[in-house]
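These notes are about the structure you will find just below.
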Amino acid sequence: MAKNKLNKNWLHDHINDPYVKAAQKDGYRARAAYKLKEIDEDEKLVKPGQVIVDLGCTPGSWGQYVRRKLAGQEGGGINGIMIGLDILPMEPIAGMHFIQGDFREPAILDRLAEVLQGRQVDLVLSDMAPNLSGIASADAARMEDLIELAIEFSQLHLKPGGALLVKCFKDMGFTQNYQRFRDEFKTVAQKKPKASRDKSSEIFLLGKGLKNPAARAAGTS
């Protein structure tokens with residue numbers, strides 16, 4: 001009975017959520033688009049001409065937002081390169097190169113290299129989160145692994161002055177994840193957009209400027 005009540009409460013909150021209504025009105029696939037929108041408007045991350053990679057991009061609302069920024073107008077061609085990677089399928093987004101697969105696998109990285117053609121990345125985005133087990137230590141470890149993957153990906157592909165934005169949670173090993181960012185990036189900021197529900201411990205970490213791009217080029221972290 002308690003679970004049914006919880007589900008009904010969630011459904012009620014979801015239906016009446018202003019960001020859910022806005023997403024339906026604006027044509028976004030998920031309310032998450034407004035999280036990126038608010039962070040971008042504050043930090044000026046997405047600019048025409050950039051190379052942007054979206055890790056864990058499905059269902060595609062962050063990609064939709066990026067596309068609109070790079071196109072400058074609805075329906076226009078994009079000025080820049082958008083690449084999305086996910087192990088799950090995704091409905092196409094015009095102008096986005098979508099690669100389905102695990103970006104830890106060499107074959108997937110080879111496909112990414114074909115698209116990049118030697119170009120470095122300006123911005124890496126990650127809205128990835130683990131499937132929760134309910135076991136705090138296990139969930140924190142999974143979250144830490146995802147963030148570590150995003151950092152390692154950035155070490156390989158990010159421009160020295162580029163940026164990495166990842167989702168994390170205050171109750172899932174946040175201190176370790178924050179320190180990891182501090183170790184790798186010159187500036188680190190915590191972002192809690194209004195579209196992120198108050199009752200959620202979700203928070204975003206933004207790292208700008210790799211501290212040691214030379215080590216990355218040599219193949220070490």
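Chain identifiers are assigned as A, B, and so on, following the order in which chains appear in the structure tokens; residues are numbered from 1 within each chain, and ligands are numbered from 1 in order of appearance.
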
Under the rule of at most 12 Å, produce a per-residue listing of stretch 19-128 of chain A near stretch 203-206 of chain A: chain, number, name, the closest pair of atoms, and the distance in Å, as a tab-separated table, using only C-alpha atoms.
residue	atom	partner	partner_atom	distance
A:Lys35	CA	A:Phe204	CA	9.3
A:Leu36	CA	A:Phe204	CA	9.6
A:Glu38	CA	A:Phe204	CA	11.6
A:Ile39	CA	A:Phe204	CA	9.0
A:Asp40	CA	A:Leu206	CA	10.7
A:Asp42	CA	A:Leu206	CA	11.7
A:Glu43	CA	A:Leu206	CA	9.4
A:Lys44	CA	A:Leu206	CA	12.0
A:Leu45	CA	A:Leu206	CA	10.0
A:Leu123	CA	A:Leu206	CA	10.4
A:Val124	CA	A:Leu206	CA	10.0
A:Leu125	CA	A:Leu206	CA	9.4
A:Ser126	CA	A:Phe204	CA	9.4
A:Asp127	CA	A:Phe204	CA	8.8
A:Met128	CA	A:Phe204	CA	11.0

**Q.** Backbone DSSP call of strand (DSSP E or B) for stretch 9-183 of chain A, listed as a ChimeraX atom specification
**A.** /A:51-55,81-86,96-100,121-126,158-169

(Q) Nearest residue to A:Lys192 out of A:Cys168, A:Pro18, A:Ala71, A:Val66, using only C-alpha atoms? (A) A:Cys168

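Here the question is which of A:Lys47, A:Phe103, A:Gly162, A:Met90 gets nearest to A:Gly72 using only C-alpha atoms, and that residue is A:Lys47.
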
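Distance-wise, atom CA of A:Gln64 and atom CA of A:Val51 end up 14.9 Å apart.
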
Q: Extract, using only C-alpha atoms, all DNA, RNA and protein residues at most 9 Å from A:Val115, discarding same-chain residues fewer than 6 positions from it, and format them as a PyMOL selection string.
A: chain A and resi 81+83+97

Would you mind exporting N, CA and C atoms of the selected residues as a PDB file, in the first residue's frame?
ATOM      1  N   ILE A  81      29.677  20.439 -34.243  1.00  0.00           N
ATOM      2  CA  ILE A  81      29.581  18.974 -34.332  1.00  0.00           C
ATOM      3  C   ILE A  81      28.987  18.452 -33.032  1.00  0.00           C
ATOM      4  N   ILE A  83      27.879  14.929 -31.017  1.00  0.00           N
ATOM      5  CA  ILE A  83      28.024  13.474 -30.984  1.00  0.00           C
ATOM      6  C   ILE A  83      27.364  12.959 -29.710  1.00  0.00           C
ATOM      7  N   HIS A  97      25.468  13.079 -34.562  1.00  0.00           N
ATOM      8  CA  HIS A  97      26.045  11.763 -34.845  1.00  0.00           C
ATOM      9  C   HIS A  97      25.790  10.884 -33.619  1.00  0.00           C
TER      10      HIS A  97
END

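Comparing the minimum interatomic distances between A:Arg142 and each of A:Leu85, A:Leu156, A:Ala32, A:Met172, counting only C-alpha atoms, we find that A:Met172 sits nearest.
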
Q | Secondary structure check, helix (DSSP H, G or I) residues of chain A, as JSON, numbers by chain | A | {"A": [2, 3, 4, 5, 6, 7, 8, 9, 10, 11, 12, 13, 14, 15, 18, 19, 20, 21, 22, 23, 24, 25, 26, 33, 34, 35, 36, 37, 38, 39, 40, 41, 42, 43, 61, 62, 63, 64, 65, 66, 67, 68, 69, 70, 71, 106, 107, 108, 109, 110, 111, 112, 113, 114, 115, 116, 136, 137, 138, 139, 140, 141, 142, 143, 144, 145, 146, 147, 148, 149, 150, 151, 152, 153, 154, 155, 156, 157, 174, 175, 176, 177, 178, 179, 180, 181, 182, 183, 184, 213, 214, 215, 216, 217]}

Q) Which residue out of A:Ala107, A:Val121, A:Ala33, A:Val46 has the minimum interatomic distance to A:Pro160 when only C-alpha atoms are used? A) A:Val121

**Q.** atom CA of A:Val53 to atom CA of A:Thr175, distance in Å rounded to a single decimal
**A.** 25.6 Å

Q.
Would you compute the distance between atom CA of A:Asp110 and atom CA of A:Pro213? Give it in Å to one decimal.
A.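 Value for the atom CA of A:Asp110-atom CA of A:Pro213 distance: 21.2 Å.
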
Q: List the neighbours of A:Phe153 out to 9 Å using only C-alpha atoms; skip same-chain residues closer than 4 positions along the sequence, and give me the result as a list in words.
A: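 Result of the neighbour search: Phe103, Arg104, Val124, Glu148, Leu149, His157 and Leu158 of chain A.
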
Based on the selection just made, write N, CA and C atoms of those residues as a short mmCIF file (atom, residue, chain, number, x, y, z; two decimals), in the first residue's frame.
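Full text of selection_38.cif as output:
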data_model
loop_
_atom_site.label_atom_id
_atom_site.label_comp_id
_atom_site.auth_asym_id
_atom_site.auth_seq_id
_atom_site.Cartn_x
_atom_site.Cartn_y
_atom_site.Cartn_z
N PHE A 103 31.03 3.23 -24.58
CA PHE A 103 32.21 4.00 -25.02
C PHE A 103 33.50 3.54 -24.36
N ARG A 104 33.43 2.50 -23.52
CA ARG A 104 34.67 1.90 -23.00
C ARG A 104 35.24 0.88 -23.98
N VAL A 124 32.11 18.25 -22.90
CA VAL A 124 31.61 16.91 -22.66
C VAL A 124 30.47 17.01 -21.64
N GLU A 148 34.00 8.71 -13.07
CA GLU A 148 35.38 8.41 -13.45
C GLU A 148 35.49 8.17 -14.96
N LEU A 149 34.51 7.47 -15.52
CA LEU A 149 34.49 7.22 -16.96
C LEU A 149 34.42 8.55 -17.73
N HIS A 157 39.90 13.31 -24.84
CA HIS A 157 39.33 14.03 -25.98
C HIS A 157 39.13 15.54 -25.79
N LEU A 158 39.16 16.02 -24.56
CA LEU A 158 38.82 17.41 -24.31
C LEU A 158 39.96 18.36 -24.64
#

Q. Which neighbours of A:Phe181 fall inside 12 Å, counting only C-alpha atoms, when residues of the same chain fewer than 2 positions from it are skipped, and could you give them as an MDAnalysis selection string?
A. chainID A and resid 144 147:148 150:152 154:155 163:166 168 174:179 183:190 204:211

Preceding selection exported with C-alpha atoms as a PDB file, in the first residue's frame:
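File produced: out-v6.pdb:
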ATOM      1  CA  GLU A 144      31.681   7.129  -8.842  1.00  0.00           C
ATOM      2  CA  ILE A 147      31.933   9.968 -13.177  1.00  0.00           C
ATOM      3  CA  GLU A 148      35.384   8.411 -13.449  1.00  0.00           C
ATOM      4  CA  ALA A 150      33.413  10.745 -17.937  1.00  0.00           C
ATOM      5  CA  ILE A 151      36.659  12.190 -16.565  1.00  0.00           C
ATOM      6  CA  GLU A 152      38.778   9.592 -18.368  1.00  0.00           C
ATOM      7  CA  SER A 154      37.561  14.008 -21.143  1.00  0.00           C
ATOM      8  CA  GLN A 155      41.264  13.375 -20.536  1.00  0.00           C
ATOM      9  CA  ALA A 163      34.657  21.793 -19.938  1.00  0.00           C
ATOM     10  CA  LEU A 164      33.030  18.691 -18.452  1.00  0.00           C
ATOM     11  CA  LEU A 165      29.549  18.762 -16.913  1.00  0.00           C
ATOM     12  CA  VAL A 166      28.349  15.674 -15.040  1.00  0.00           C
ATOM     13  CA  CYS A 168      26.047  13.383  -9.417  1.00  0.00           C
ATOM     14  CA  PHE A 174      29.836  13.326  -3.508  1.00  0.00           C
ATOM     15  CA  THR A 175      32.949  14.273  -1.511  1.00  0.00           C
ATOM     16  CA  GLN A 176      35.107  11.827  -3.485  1.00  0.00           C
ATOM     17  CA  ASN A 177      33.622  12.901  -6.814  1.00  0.00           C
ATOM     18  CA  TYR A 178      34.128  16.578  -6.016  1.00  0.00           C
ATOM     19  CA  GLN A 179      37.737  15.955  -5.024  1.00  0.00           C
ATOM     20  CA  ASP A 183      42.340  17.049  -8.957  1.00  0.00           C
ATOM     21  CA  GLU A 184      41.715  17.228 -12.704  1.00  0.00           C
ATOM     22  CA  PHE A 185      40.300  20.702 -13.443  1.00  0.00           C
ATOM     23  CA  LYS A 186      41.514  24.238 -12.814  1.00  0.00           C
ATOM     24  CA  THR A 187      38.059  25.476 -11.807  1.00  0.00           C
ATOM     25  CA  VAL A 188      35.191  23.431 -10.368  1.00  0.00           C
ATOM     26  CA  ALA A 189      31.629  24.596  -9.669  1.00  0.00           C
ATOM     27  CA  GLN A 190      28.574  22.943  -8.146  1.00  0.00           C
ATOM     28  CA  PHE A 204      25.889  18.859 -11.230  1.00  0.00           C
ATOM     29  CA  LEU A 205      29.647  19.286 -11.227  1.00  0.00           C
ATOM     30  CA  LEU A 206      31.260  21.528 -13.808  1.00  0.00           C
ATOM     31  CA  GLY A 207      34.986  21.333 -14.427  1.00  0.00           C
ATOM     32  CA  LYS A 208      36.784  23.781 -16.705  1.00  0.00           C
ATOM     33  CA  GLY A 209      40.351  23.590 -17.969  1.00  0.00           C
ATOM     34  CA  LEU A 210      42.292  20.358 -17.586  1.00  0.00           C
ATOM     35  CA  LYS A 211      45.177  20.828 -15.162  1.00  0.00           C
TER      36      LYS A 211
END

Q: Point out the residue among A:Pro130, A:Gln120, A:Gly49, A:Glu41 with the least atom-to-atom distance to A:Gly161, counting only C-alpha atoms.
A: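 Checking each of A:Pro130, A:Gln120, A:Gly49, A:Glu41 against A:Gly161, counting only C-alpha atoms, the winner is A:Gln120.
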